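Asker: The structure under discussion is supplied below as structure tokens; questions concerning it will follow.
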Protein chains: 4
Amino acid sequence: MIREDKPHEECGVFGIFLRKKANVAKSIYYGLNALQHRGQESAGMAVCDTYGEKGNINAYKGMGLVSEVFHEDTIRALPGNIGIGHVRYSTTGGSSIENAQPFFLKYLKGTLALVHNGNIRNAGEIKKEREEAGYAFQGSSDTEAVAARMIRERLSSDTIEEAVIKVAGKLKGGYAMIVMSPKKLVGIRDPLGLKPMCIGKVEDGYVLASESAALDAVGAEFLRDIKPGEVVIITEDSFKSELPFTRECRAHCIFEYIYFARLDSRIDGIEVYEARIKGGESLARRYPAAADIVTGVPESGITAAVGFSRQSGIPFQTVFHKNSYIGRTFIKPSQEEREEAVAQKLNIIKSVVRDKRIVLIDDSIVRGTTIRKLIEMLKSAGATEVHVRISSPPFRYPCYYGTDIPSGNQLIADNYSKEELKDMIGADSLEYMEIKDLHDMVGDLQVCKACFNGDYPD
Amino acid sequence: MIREDKPHEECGVFGIFLRKKANVAKSIYYGLNALQHRGQESAGMAVCDTYGEKGNINAYKGMGLVSEVFHEDTIRALPGNIGIGHVRYSTTGGSSIENAQPFFLKYLKGTLALVHNGNIRNAGEIKKEREEAGYAFQGSSDTEAVAARMIRERLSSDTIEEAVIKVAGKLKGGYAMIVMSPKKLVGIRDPLGLKPMCIGKVEDGYVLASESAALDAVGAEFLRDIKPGEVVIITEDSFKSELPFTRECRAHCIFEYIYFARLDSRIDGIEVYEARIKGGESLARRYPAAADIVTGVPESGITAAVGFSRQSGIPFQTVFHKNSYIGRTFIKPSQEEREEAVAQKLNIIKSVVRDKRIVLIDDSIVRGTTIRKLIEMLKSAGATEVHVRISSPPFRYPCYYGTDIPSGNQLIADNYSKEELKDMIGADSLEYMEIKDLHDMVGDLQVCKACFNGDYPD
Amino acid sequence: MIREDKPHEECGVFGIFLRKKANVAKSIYYGLNALQHRGQESAGMAVCDTYGEKGNINAYKGMGLVSEVFHEDTIRALPGNIGIGHVRYSTTGGSSIENAQPFFLKYLKGTLALVHNGNIRNAGEIKKEREEAGYAFQGSSDTEAVAARMIRERLSSDTIEEAVIKVAGKLKGGYAMIVMSPKKLVGIRDPLGLKPMCIGKVEDGYVLASESAALDAVGAEFLRDIKPGEVVIITEDSFKSELPFTRECRAHCIFEYIYFARLDSRIDGIEVYEARIKGGESLARRYPAAADIVTGVPESGITAAVGFSRQSGIPFQTVFHKNSYIGRTFIKPSQEEREEAVAQKLNIIKSVVRDKRIVLIDDSIVRGTTIRKLIEMLKSAGATEVHVRISSPPFRYPCYYGTDIPSGNQLIADNYSKEELKDMIGADSLEYMEIKDLHDMVGDLQVCKACFNGDYPD
Amino acid sequence: MIREDKPHEECGVFGIFLRKKANVAKSIYYGLNALQHRGQESAGMAVCDTYGEKGNINAYKGMGLVSEVFHEDTIRALPGNIGIGHVRYSTTGGSSIENAQPFFLKYLKGTLALVHNGNIRNAGEIKKEREEAGYAFQGSSDTEAVAARMIRERLSSDTIEEAVIKVAGKLKGGYAMIVMSPKKLVGIRDPLGLKPMCIGKVEDGYVLASESAALDAVGAEFLRDIKPGEVVIITEDSFKSELPFTRECRAHCIFEYIYFARLDSRIDGIEVYEARIKGGESLARRYPAAADIVTGVPESGITAAVGFSRQSGIPFQTVFHKNSYIGRTFIKPSQEEREEAVAQKLNIIKSVVRDKRIVLIDDSIVRGTTIRKLIEMLKSAGATEVHVRISSPPFRYPCYYGTDIPSGNQLIADNYSKEELKDMIGADSLEYMEIKDLHDMVGDLQVCKACFNGDYPD
């Protein structure tokens with residue numbers, strides 16, 4: 001319920017190549033599980049045994065969480081030493097199994113599997129070219145268009161990486177992809193670095209993943225981030241890197257640091273946890289508040305709240321108890337009691353808030369329904385003042401790189417002034433992080449701020 | 001269990017076009033259910049509302065029986081006034097959902113759905129041509145190759161029927177297909193007439209089906225069989241027939257009359273029930289037996305047994321009680337008790353057989369395990385003699401037109417003499433219908449006898 | 001659909017005692033499957049290993065068919081060499097798992113399991129006595145009342161059979177029961193012989209079953225029927241029979257011969273198949289018809305039709321094709337098309353009936369909806385006359401012994417004259433078997449005719 | 001995985017009585033969900049409509065979480081304005097549906113439903129008395145024995161509360177129960193106050209619950225704790241309280257404050273959150289450590305860690321990221337990698353711990369496997385020292401009041417000295433809360449410390 005009221009990341013990707021007879025499906029399972037926060041709609045993996053006879057790639061995917069899609073028997077039915085996996089939250093392409101990944105294509109030269117995080121802005125053109133040659137698409141995602149183009153390109157290329165680079169040269173947008181042929185793993189990241197991907201080392205092999213937390217989950221040592229525009233090719237004998245698309249300019253997605261990524265990940269040289277702490281500290285400096293305690297909306301506001309507390313000296317307190325048993329099948333209150341659903345998920349530790357002035361930190365406001373309810377609950381429990389601090393600037397522009405921010409009239413920051421919004425949610429004060437202060441979070445890292453200022457990188 | 005020991009038909013097709021706002025999904029459901037005997041592995045349908053805005057075709061398919069795949073809610077989710085459906089028993093292409101039909105393709109000019117009964121002998125060529133253009137196939141069936149070729153042809157054709165005819169001109173093999181575009185239904189039957197298809201009339205529309213029994217199930221009046229090589233095009237305004245591929249020679253599959261088709265169907269001018277009765281009469285003339293009672297192996301041997309009784313004057317008796325509750329989930333006896341499974345399915349009415357000489361009719365012998373067990377049961381129950389009469393000639397050659405007869409060393413008739421076989425199954429005499437006597441069943445109809453004599457039509 | 005329009009039997013019971021280390025659960029499974037026609041609402045079994053340490057009885061039951069309730073793993077989880085099983089169609093007690101059998105009670109002296117076919121007329125008294133002692137019942141069936149009374153009686157008895165006999169002495173009604181303690185199997189049949197039960201022999205043991213067909217299913221040799229009022233006690237060392245309740249008068253249920261029992265069973269000295277043939281012959285003598293062909297409503301009218309044909313010389317023909325794929329999950333036509341459902345299940349072989357006068361045999365008429373539809377279908381297909389002959393007298397009185405005949409205003413025979421009924425169903429003539437002619441079916445066997453004449457035995 | 005290595009509470013109870021036409025099932029659902037942490041094995045509820053005709057109590061229960069057992073349709077099928085509910089973790093009685101609650105008994109005077117948290121030490125005697133009267137028990141729980149005794153007592157009592165009090169007078173142990181008749185709700189708490197229960201007020205009615213957090217979940221206002229030995233009777237017209245069993249001595253379970261209860265509950269006058277904060281402060285005073293940061297094992301060690309930080313001045317840091325997607329169906333690492341499972345659930349934020357001396361707080365140690373793994377992970381991530389502080393004294397004695405502490409040789413504190421244990425888990429120092437310091441957590445409240453010192457109250 002709370003999660004529904006947030007921007008959405010669309011995907012997490014994972015790849016592994018072990019240079020020995022091995023079964024990697026369970027590692028992919030753990031890796032995907034560590035990336036589950038990046039997408040809960042569907043999960044899938046494709047696996048191949050390079051020591052097997054024929055290079056058959058086997059794949060399995062389904063709607064739901066990793067632990068719902070895969071069970072002991074499905075894992076066992078996917079033998080092999082190389083593989084890729086994917087968790088998805090739909091952006092383009094509807095929510096259906098046809099759009100679940102990996103895309104897995106049998107074509108003239110064999111089989112190819114592909115996983116993708118991001119959004120291809122010119123997917124329509126690529127799709128149309130293929131359709132004019134008589135191609136029929138199963139689903140509606142941009143990823144399938146890319147995969148179809150790659151197999152066509154492969155027919156006139158010497159290697160899979162050659163085909164990948166040819167196609168990538170035509171793509172516009174943000175992406176992190178892993179392509180698997182029966183003998184190779186090819187990872188590629190867009191030239192602006194919009195979408196994250198890193199590489200790790202295990203004994204006898206390599207691991208690629210959207211976030212370093214997934215490396216930890218399989219016991220891999222973090223080597224480095226894949227560079228923007230870099231292509232890495234992993235085979236039985238070699239590890240190669242090419243940089244066909246390097247550019248000066250970078251545009252790393254700032255929302256990875258604010259909300260998307262796991263607290264324990266490290267992306268493009270920056271620790272997510274530290275960035276959030278610093279965001280809270282920055283807020284406290286720019287917009288202090290006279291209060292007795294600081295707290296955060298679980299889970300995403302907690303770390304910035306600790307930072308705010310550290311900078312301001314106002315003690316941090318746990319205020320909300322989160323009921324972790326509320327899952328997908330939980331019967332939600334009826335439409336008219338929509339806000340009440342929040343109360344089933346979060347309850348207030350009343351003794352902590354009674355007669356207190358509170359600073360409440362959250363990472364963003366989309367529709368504002370959740371925070372309004374929480375403030376109401378705090379006041380009912382005896383809080384005298386509630387000062388809201390948001391650890392990101394307000395959303396004013398849609399994202400075209402694969403992040404699902406409710407568009408147009410749903411963007412509350414676009415329709416109301418800060419003052420109006422403050423009154424609507426019942427806060428005693430409301431402040432957002434300033435765009436100029438994002439520097440406090442990530443230092444000199446070049447980030448994409450398009451959702452705040454409309455300045456789209458390309 | 002008994003069914004496993006028989007040749008297999010692979011498919012049934014059904015199509016309906018109502019010229020009014022209507023929901024045909026339930027009619028397709030009933031039609032497919034009436035064709036269920038032609039394939040139990042998967043079922044599917046595709047439906048379109050020609051009065052809707054955009055001509056969206058919706059499809060649904062799954063593994064299992066029609067009544068397992070479709071429920072009230074799936075039927076409701078398929079609105080529209082035209083549609084096609086399919087039941088499948090796999091011949092080429094493995095048993096998997098990718099090969100289930102209808103094939104449903106979204107391509108440049110829209111959508112196309114296709115159902116197919118039969119086997120395309122040159123599917124490999126057709127598939128290869130498409131793959132060389134970069135096409136990726138989802139499954140391994142010949143039907144998908146045909147569908148992919150049709151959408152390619154459609155891009156350079158004015159109408160869907162033009163594309164269908166162009167592609168059909170290249171096909172070798174036996175087939176009955178129905179192609180659906182959002183505005184048309186196109187039915188086509190191979191020039192030799194190997195696979196059956198007929199057309200019926202309902203108020204405001206037309207119905208196409210593999211067998212006339214499916215017309216009865218939806219209250220349609222039988223109009224006529226589709227002619228070999230005929231293409232029928234049904235639209236909102238017109239019903240057209242073309243005959244682009246007519247030939248002198250015909251080769252209707254004789255096994256439709258012997259075993260595949262429903263007793264209550266009428267195919268290419270001949271009543272199936274009458275053909276089976278006449279088959280039994282013919283056997284009784286050619287190979288009489290001195291016996292007290294005649295009976296048949298349920299269900300397929302019963303009608304020929306009635307014919308044998310009628311000709312010979314030996315009374316017909318029900319001898320086997322069939323337990324109709326034994327379904328798919330029934331726990332079968334273990335491997336070593338394989339034959340015992342027959343006894344769970346069929347039990348003998350002992351008072352009828354005690355001290356009797358019995359004529360036992362079956363339609364065919366594939367592995368011989370079932371009939372051996374039945375004879376053993378009859379003798380244990382006190383039968384003094386068992387004379388087996390088979391209402392078809394022995395299989396000696398594989399079928400290349402879409403019928404699954406266990407090949408090579410499984411063809412018992414090919415490995416053993418009739419005398420040896422008689423002893424193996426424990427019969428007191430064993431006779432098959434003579435190839436020359438098939439004429440008694442179907443009169444002057446030109447039938448394919450390749451599985452008996454290796455004389456393949458082309 | 002057709003079955004719904006028939007009287008219902010409520011149960012089948014099965015028991016087995018092997019005097020060696022063995023697993024009988026699979027045999028019980030096959031036995032219950034052979035009795036499935038006697039009840040499809042729930043199935044269950046209880047098994048004990050007399051060679052095990054502690055005499056634990058394990059039980060498993062569920063709603064649905066035997067093959068739906070039990071799978072390989074449930075069977076494996078029920079080890080032991082003695083056991084009982086049950087299939088149920090609810091009469092008293094609603095349709096719920098609490099009323100499914102075996103009843104399985106843990107009490108002071110151990111455990112007891114019980115299966116029951118029949119109806120206890122004074123169950124209310126027995127139940128009340130127990131409730132006054134503070135007993136709480138799980139469900140609402142009369143069987144649970146009997147079981148609760150037995151464990152109470154067992155506390156003051158030396159043996160389980162002593163308790164069974166004490167309780168049986170108090171029961172009024174018709175019943176066939178098997179009681180299992182961890183060391184014994186006790187079978188008992190009511191003094192009038194209303195409900196059937198027989199005993200068979202396997203190597204190293206004995207089998208009890210409602211019908212002899214279940215003995216065949218497990219390879220047991222039929223020994224004899226359990227006598228009315230007999231109690232049999234099977235232990236490791238002995239087989240004992242007691243006759244504590246013998247009476248002169250008998251009242252075997254006539255409907256076992258007309259409809260309930262399997263064609264291949266033998267009950268109280270009479271072959272079911274022969275009885276039905278003779279019933280048809282009797283009808284033909286009493287109520288002949290000028291016709292071209294004779295046929296029966298599948299399945300229950302077929303055998304009597306063969307008898308009618310044999311006596312009258314009018315040839316028997318298969319007229320209805322039954323679609324055996326229509327199961328529980330089949331989507332039925334909507335309420336207003338109720339009768340149409342029959343047409344999905346049964347289709348007419350039109351060539352057989354065109355221009356023919358037909359004798360149509362069925363075993364009974366309850367609501368008349370099915371036969372009306374069939375006659376309409378026959379006439380549409382070209383039949384010139386349809387003469388209906390029913391192989392039982394009309395129902396006029398409810399059954400109090402465990403058979404579910406729709407009561408009161410649903411009994412069509414009670415509300416309309418034969419002439420009115422003939423017109424309602426559209427027949428050209430309608431005749432029922434006369435009560436005095438039942439003698440033709442079963443000879444001198446004393447049968448209960450209460451449902452026809454209201455003469456209730458007691 | 002982490003939870004497995006903790007003592008277990010067995011149950012949560014909930015009851016509601018609305019004095020108007022209403023459906024309380026959804027409120028019970030929310031209430032049970034708020035109590036889910038008290039038991040995850042089974043869930044159930046029983047509901048009655050006092051405005052209905054006949055006072056039928058309907059019940060539904062199943063294995064699993066509240067949200068797995070109940071869905072929209074099961075909730076809808078339970079209409080009524082009064083009801084009780086239960087979540088269970090098995091202590092006595094195995095893990096099976098027979099032992100799930102509510103117990104629901106139909107008896108001579110009607111129906112009775114009962115939910116129970118606790119353990120009846122003399123349940124065996126009570127059960128035996130009933131068995132000698134011929135009673136058969138469905139399951140093996142002590143709760144069923146109590147329920148059976150209550151219906152017996154009810155037969156000779158004027159009111160249900162009279163029966164409840166009579167039976168309660170015989171019980172030994174700790175319990176909080178709610179008994180429902182079709183017109184009344186009766187709540188009772190053991191004389192020592194071992195198990196918690198409180199009462200709240202909603203418009204038009206009352207709510208009873210194990211913890212106040214469940215009152216919050218249904219919008220009820222907390223009134224007060226039920227007193228030890230108190231019986232409350234809620235009817236349409238009245239709210240009565242009786243104190244038949246008051247004693248001087250109290251023995252509230254200390255583990256509610258340390259671990260069981262939700263952070264946001266208030267039990268017997270003490271805020272759980274405050275108690276845990278104070279526990280951490282007490283530990284910091286008694287056993288300070290020279291360290292750079294303080295952290296806690298999620299979730300249960302976090303609050304005490306905040307207290308430790310507050311007292312010591314050492315900053316609190318989030319160190320572990322908890323993957324909240326790991327649920328019941330998650331495929332765990334194989335047996336030999338048992339400890340690795342912890343790493344899938346908790347990952348370390350490495351930048352926080354590198355080169356740091358850490359105080360790690362947990363609420364208890366049972367087997368020690370989890371904490372050993374966490375310390376190993378901390379050290380691998382660069383922590384220089386790890387000082388473990390446990391916010392409870394070591395377990396040395398089993399609990400006989402319904403808490404499942406692994407007994408005998410599993411009690412690690414009983415088998416090893418603190419020094420040995422410190423080495424086994426790899427800590428640099430290890431200290432437990434002293435029994436004498438429990439006073440710091442709960443002030444003058446009389447608590448049961450039997451699991452620490454063997455001094456069992458009675």
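By convention here, the chains of the structure tokens are called A, B, ... in the order presented, each chain's residues are numbered starting at 1, and ligands are numbered starting at 1 in the order presented.
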Counting only C-alpha atoms, what is within 10 Å of Lys172 of chain C, bar same-chain residues fewer than 2 positions away, as a CSV table (one decimal) with all heavy atoms, in the first residue's frame?
Answerer:
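Okay, this is what ended up in part31.csv:
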chain,number,residue,atom,x,y,z
C,119,ASN,N,-29.2,-46.1,6.2
C,119,ASN,CA,-29.8,-45.1,7.0
C,119,ASN,C,-30.4,-45.6,8.3
C,119,ASN,O,-31.1,-46.7,8.2
C,119,ASN,CB,-31.0,-44.4,6.1
C,119,ASN,CG,-31.4,-43.1,6.7
C,119,ASN,OD1,-30.5,-42.3,7.1
C,119,ASN,ND2,-32.7,-42.9,6.8
C,120,ILE,N,-30.1,-45.0,9.4
C,120,ILE,CA,-30.5,-45.4,10.7
C,120,ILE,C,-31.8,-44.6,11.1
C,120,ILE,O,-31.6,-43.4,11.3
C,120,ILE,CB,-29.4,-45.3,11.8
C,120,ILE,CG1,-28.1,-46.0,11.3
C,120,ILE,CG2,-29.9,-45.8,13.1
C,120,ILE,CD1,-28.3,-47.4,11.0
C,121,ARG,N,-32.9,-45.2,11.1
C,121,ARG,CA,-34.1,-44.5,11.3
C,121,ARG,C,-34.2,-43.8,12.7
C,121,ARG,O,-34.9,-42.8,12.9
C,121,ARG,CB,-35.3,-45.3,11.0
C,121,ARG,CG,-35.4,-45.8,9.6
C,121,ARG,CD,-36.6,-46.7,9.3
C,121,ARG,NE,-37.8,-45.9,9.4
C,121,ARG,CZ,-39.0,-46.5,9.2
C,121,ARG,NH1,-39.1,-47.7,8.8
C,121,ARG,NH2,-40.1,-45.8,9.3
C,122,ASN,N,-33.6,-44.5,13.7
C,122,ASN,CA,-33.7,-44.0,15.1
C,122,ASN,C,-32.4,-43.3,15.5
C,122,ASN,O,-32.0,-43.4,16.7
C,122,ASN,CB,-34.1,-45.1,16.1
C,122,ASN,CG,-33.1,-46.2,16.1
C,122,ASN,OD1,-32.4,-46.5,15.1
C,122,ASN,ND2,-33.1,-47.0,17.2
C,123,ALA,N,-31.7,-42.8,14.6
C,123,ALA,CA,-30.4,-42.1,14.9
C,123,ALA,C,-30.5,-41.0,15.9
C,123,ALA,O,-29.7,-40.7,16.7
C,123,ALA,CB,-29.7,-41.6,13.6
C,168,ALA,N,-25.9,-52.6,17.5
C,168,ALA,CA,-26.7,-53.0,16.4
C,168,ALA,C,-28.1,-53.4,16.9
C,168,ALA,O,-29.1,-53.2,16.2
C,168,ALA,CB,-26.0,-54.1,15.6
C,169,GLY,N,-28.2,-54.0,18.0
C,169,GLY,CA,-29.4,-54.5,18.6
C,169,GLY,C,-30.4,-53.3,18.8
C,169,GLY,O,-31.6,-53.5,18.9
C,170,LYS,N,-29.9,-52.1,18.9
C,170,LYS,CA,-30.8,-50.9,19.1
C,170,LYS,C,-31.1,-50.2,17.8
C,170,LYS,O,-31.9,-49.3,17.8
C,170,LYS,CB,-30.0,-50.0,20.0
C,170,LYS,CG,-29.8,-50.5,21.4
C,170,LYS,CD,-29.0,-49.4,22.2
C,170,LYS,CE,-28.9,-49.8,23.7
C,170,LYS,NZ,-28.1,-51.0,23.9
C,174,GLY,N,-31.8,-49.7,7.5
C,174,GLY,CA,-31.1,-50.5,6.7
C,174,GLY,C,-29.6,-50.1,6.7
C,174,GLY,O,-29.3,-48.9,6.6
C,175,TYR,N,-28.7,-51.1,6.9
C,175,TYR,CA,-27.3,-50.7,6.9
C,175,TYR,C,-26.4,-51.9,6.6
C,175,TYR,O,-26.7,-53.1,6.7
C,175,TYR,CB,-27.0,-50.2,8.3
C,175,TYR,CG,-27.4,-51.2,9.5
C,175,TYR,CD1,-26.6,-52.2,9.9
C,175,TYR,CD2,-28.6,-51.0,10.1
C,175,TYR,CE1,-26.9,-53.1,10.9
C,175,TYR,CE2,-29.0,-51.9,11.1
C,175,TYR,CZ,-28.2,-52.9,11.5
C,175,TYR,OH,-28.5,-53.7,12.5
C,190,ASP,N,-27.8,-55.4,8.0
C,190,ASP,CA,-29.1,-55.3,8.8
C,190,ASP,C,-29.9,-56.5,8.6
C,190,ASP,O,-29.8,-57.2,7.6
C,190,ASP,CB,-29.9,-54.0,8.3
C,190,ASP,CG,-30.4,-54.2,6.9
C,190,ASP,OD1,-31.4,-54.8,6.6
C,190,ASP,OD2,-29.7,-53.7,5.9
C,191,PRO,N,-30.8,-56.8,9.5
C,191,PRO,CA,-31.5,-58.1,9.5
C,191,PRO,C,-32.5,-58.3,8.3
C,191,PRO,O,-32.7,-59.4,8.0
C,191,PRO,CB,-32.4,-58.0,10.8
C,191,PRO,CG,-31.6,-57.1,11.7
C,191,PRO,CD,-31.0,-56.1,10.8
C,401,TYR,N,-34.7,-45.8,3.8
C,401,TYR,CA,-33.6,-46.7,4.1
C,401,TYR,C,-32.3,-46.3,3.5
C,401,TYR,O,-31.4,-47.0,3.3
C,401,TYR,CB,-33.9,-48.1,3.7
C,401,TYR,CG,-35.2,-48.6,4.3
C,401,TYR,CD1,-36.4,-48.5,3.6
C,401,TYR,CD2,-35.3,-49.0,5.6
C,401,TYR,CE1,-37.6,-48.9,4.1
C,401,TYR,CE2,-36.5,-49.4,6.2
C,401,TYR,CZ,-37.6,-49.3,5.5
C,401,TYR,OH,-38.8,-49.7,6.1
C,458,ASP,N,-40.1,-53.5,8.4
C,458,ASP,CA,-39.5,-53.0,9.6
C,458,ASP,C,-38.9,-54.1,10.5
C,458,ASP,O,-39.3,-55.3,10.4
C,458,ASP,CB,-40.5,-52.2,10.4
C,458,ASP,CG,-39.8,-51.1,11.2
C,458,ASP,OD1,-38.8,-50.5,10.6
C,458,ASP,OD2,-40.1,-50.9,12.4
Asker: Do you know which residues are at most 12 Å from Lys350 of chain B counting only C-alpha atoms, after dropping those on the same chain fewer than 3 positions away, and could you put them as an mmCIF file with C-alpha atoms, in the first residue's frame?
Answerer:
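Saved the output as selection.cif:
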data_model
loop_
_atom_site.group_PDB
_atom_site.id
_atom_site.type_symbol
_atom_site.label_atom_id
_atom_site.label_comp_id
_atom_site.auth_asym_id
_atom_site.auth_seq_id
_atom_site.Cartn_x
_atom_site.Cartn_y
_atom_site.Cartn_z
ATOM 1 C CA GLN B 317 -23.883 -59.409 -25.710
ATOM 2 C CA THR B 318 -22.444 -56.760 -23.413
ATOM 3 C CA VAL B 319 -19.509 -58.523 -21.819
ATOM 4 C CA PHE B 320 -17.317 -55.745 -20.437
ATOM 5 C CA HIS B 321 -18.412 -53.235 -17.816
ATOM 6 C CA ASN B 347 -14.520 -55.885 -15.769
ATOM 7 C CA VAL B 353 -19.289 -65.587 -20.759
ATOM 8 C CA ARG B 354 -19.198 -68.735 -18.652
ATOM 9 C CA ASP B 355 -18.917 -71.805 -20.923
ATOM 10 C CA LYS B 356 -19.344 -69.666 -24.017
ATOM 11 C CA MET B 377 -9.819 -62.290 -18.402
ATOM 12 C CA LEU B 378 -12.443 -63.899 -20.630
ATOM 13 C CA LYS B 379 -10.849 -67.320 -20.272
ATOM 14 C CA SER B 380 -10.520 -66.946 -16.478
ATOM 15 C CA ALA B 381 -14.202 -66.118 -16.392
ATOM 16 C CA GLY B 382 -14.980 -69.387 -18.149
ATOM 17 C CA ALA B 383 -15.019 -68.588 -21.858
ATOM 18 C CA SER C 212 -18.905 -58.186 -5.958
ATOM 19 C CA ALA C 213 -17.466 -55.956 -8.703
ATOM 20 C CA ASP C 216 -12.999 -58.417 -8.911
ATOM 21 C CA PHE C 222 -16.284 -64.146 -4.403
ATOM 22 C CA LEU C 263 -23.910 -54.544 -14.361
ATOM 23 C CA ASP C 264 -21.117 -56.949 -13.489
ATOM 24 C CA SER C 265 -22.050 -57.442 -9.834
ATOM 25 C CA ARG C 266 -23.869 -60.349 -8.246
ATOM 26 C CA GLU C 271 -26.662 -61.488 -11.398
ATOM 27 C CA VAL C 272 -27.484 -57.834 -11.954
ATOM 28 C CA TYR C 273 -27.005 -58.120 -15.720
ATOM 29 C CA GLU C 274 -29.406 -61.036 -15.941
#
Asker: Contacts from chain A to chain B, 9 Å maximum, only C-alpha atoms: show me the residue list as a PyMOL selection string.
Answerer: chain A and resi 104-109+111+128+130-139+148-149+151-155
Asker: Using DSSP on the backbone, list every residue of segment 136-186 of chain C that comes out as strand (DSSP E or B), and give them as a ChimeraX atom specification.
Answerer: /C:137,173-181,184-186
Asker: Go ahead and write the selection's residues with C-alpha atoms as an mmCIF file, in the first residue's frame.
Answerer:
data_model
loop_
_atom_site.group_PDB
_atom_site.id
_atom_site.type_symbol
_atom_site.label_atom_id
_atom_site.label_comp_id
_atom_site.auth_asym_id
_atom_site.auth_seq_id
_atom_site.Cartn_x
_atom_site.Cartn_y
_atom_site.Cartn_z
ATOM 1 C CA PHE C 137 -20.767 -34.144 17.449
ATOM 2 C CA GLY C 173 -33.197 -49.142 9.427
ATOM 3 C CA GLY C 174 -31.057 -50.518 6.652
ATOM 4 C CA TYR C 175 -27.331 -50.730 6.931
ATOM 5 C CA ALA C 176 -24.140 -52.446 5.896
ATOM 6 C CA MET C 177 -21.223 -51.443 8.112
ATOM 7 C CA ILE C 178 -17.593 -52.316 8.607
ATOM 8 C CA VAL C 179 -15.985 -51.448 11.947
ATOM 9 C CA MET C 180 -12.215 -51.525 12.342
ATOM 10 C CA SER C 181 -10.262 -51.706 15.570
ATOM 11 C CA LYS C 184 -10.039 -56.596 13.916
ATOM 12 C CA LEU C 185 -12.472 -56.057 11.111
ATOM 13 C CA VAL C 186 -16.155 -56.468 11.967
#
Asker: So which residues touch Met197 of chain C within 7 Å, counting only C-alpha atoms, skipping near sequence neighbours fewer than 6 positions away, as a list in words?
Answerer: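 With the cut-off at 7 Å, the set is Ala176, Leu208, Ala209, Ser210, Glu211, Asp225 and Ile226 of chain C.
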Asker: Mind giving me the straight-line distance from atom CA of Ile267 of chain C to atom CA of Ile254 of chain C in Å, one decimal?
Answerer: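 Atom-to-atom, atom CA of Ile267 of chain C and atom CA of Ile254 of chain C are spaced 10.6 Å apart.
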Asker: Ranking D:Ser351, D:Tyr325, D:Gly219, D:Asp455 by minimum distance to Gly269 of chain A and counting only C-alpha atoms, which one comes first?
Answerer: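 Looking at the shortest contact to Gly269 of chain A, the residue is D:Ser351.
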Asker: From a backbone DSSP assignment, name each residue in segment 198-427 of chain A labelled alpha helix (DSSP H), as a ChimeraX atom specification.
Answerer: /A:212-217,255,272-286,302-312,340-345,350-353,369-380,412-415,418-425
Asker: With a distance cut-off of 8 Å and only C-alpha atoms, select the neighbouring residues of segment 228-243 of chain B, excluding the residue or stretch itself and same-chain residues fewer than 3 positions from it, and output the selection as a list in words.
Answerer: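 Once the adjacent positions are removed, what remains is Phe17, Arg19, Glu161, Ile165, Lys183, Lys184, Leu185, Val186, Gly187, Ile188, Arg189, Asp190, Pro191, Leu192, Gly193, Tyr206, Thr246, Arg247 and Arg250 of chain B.
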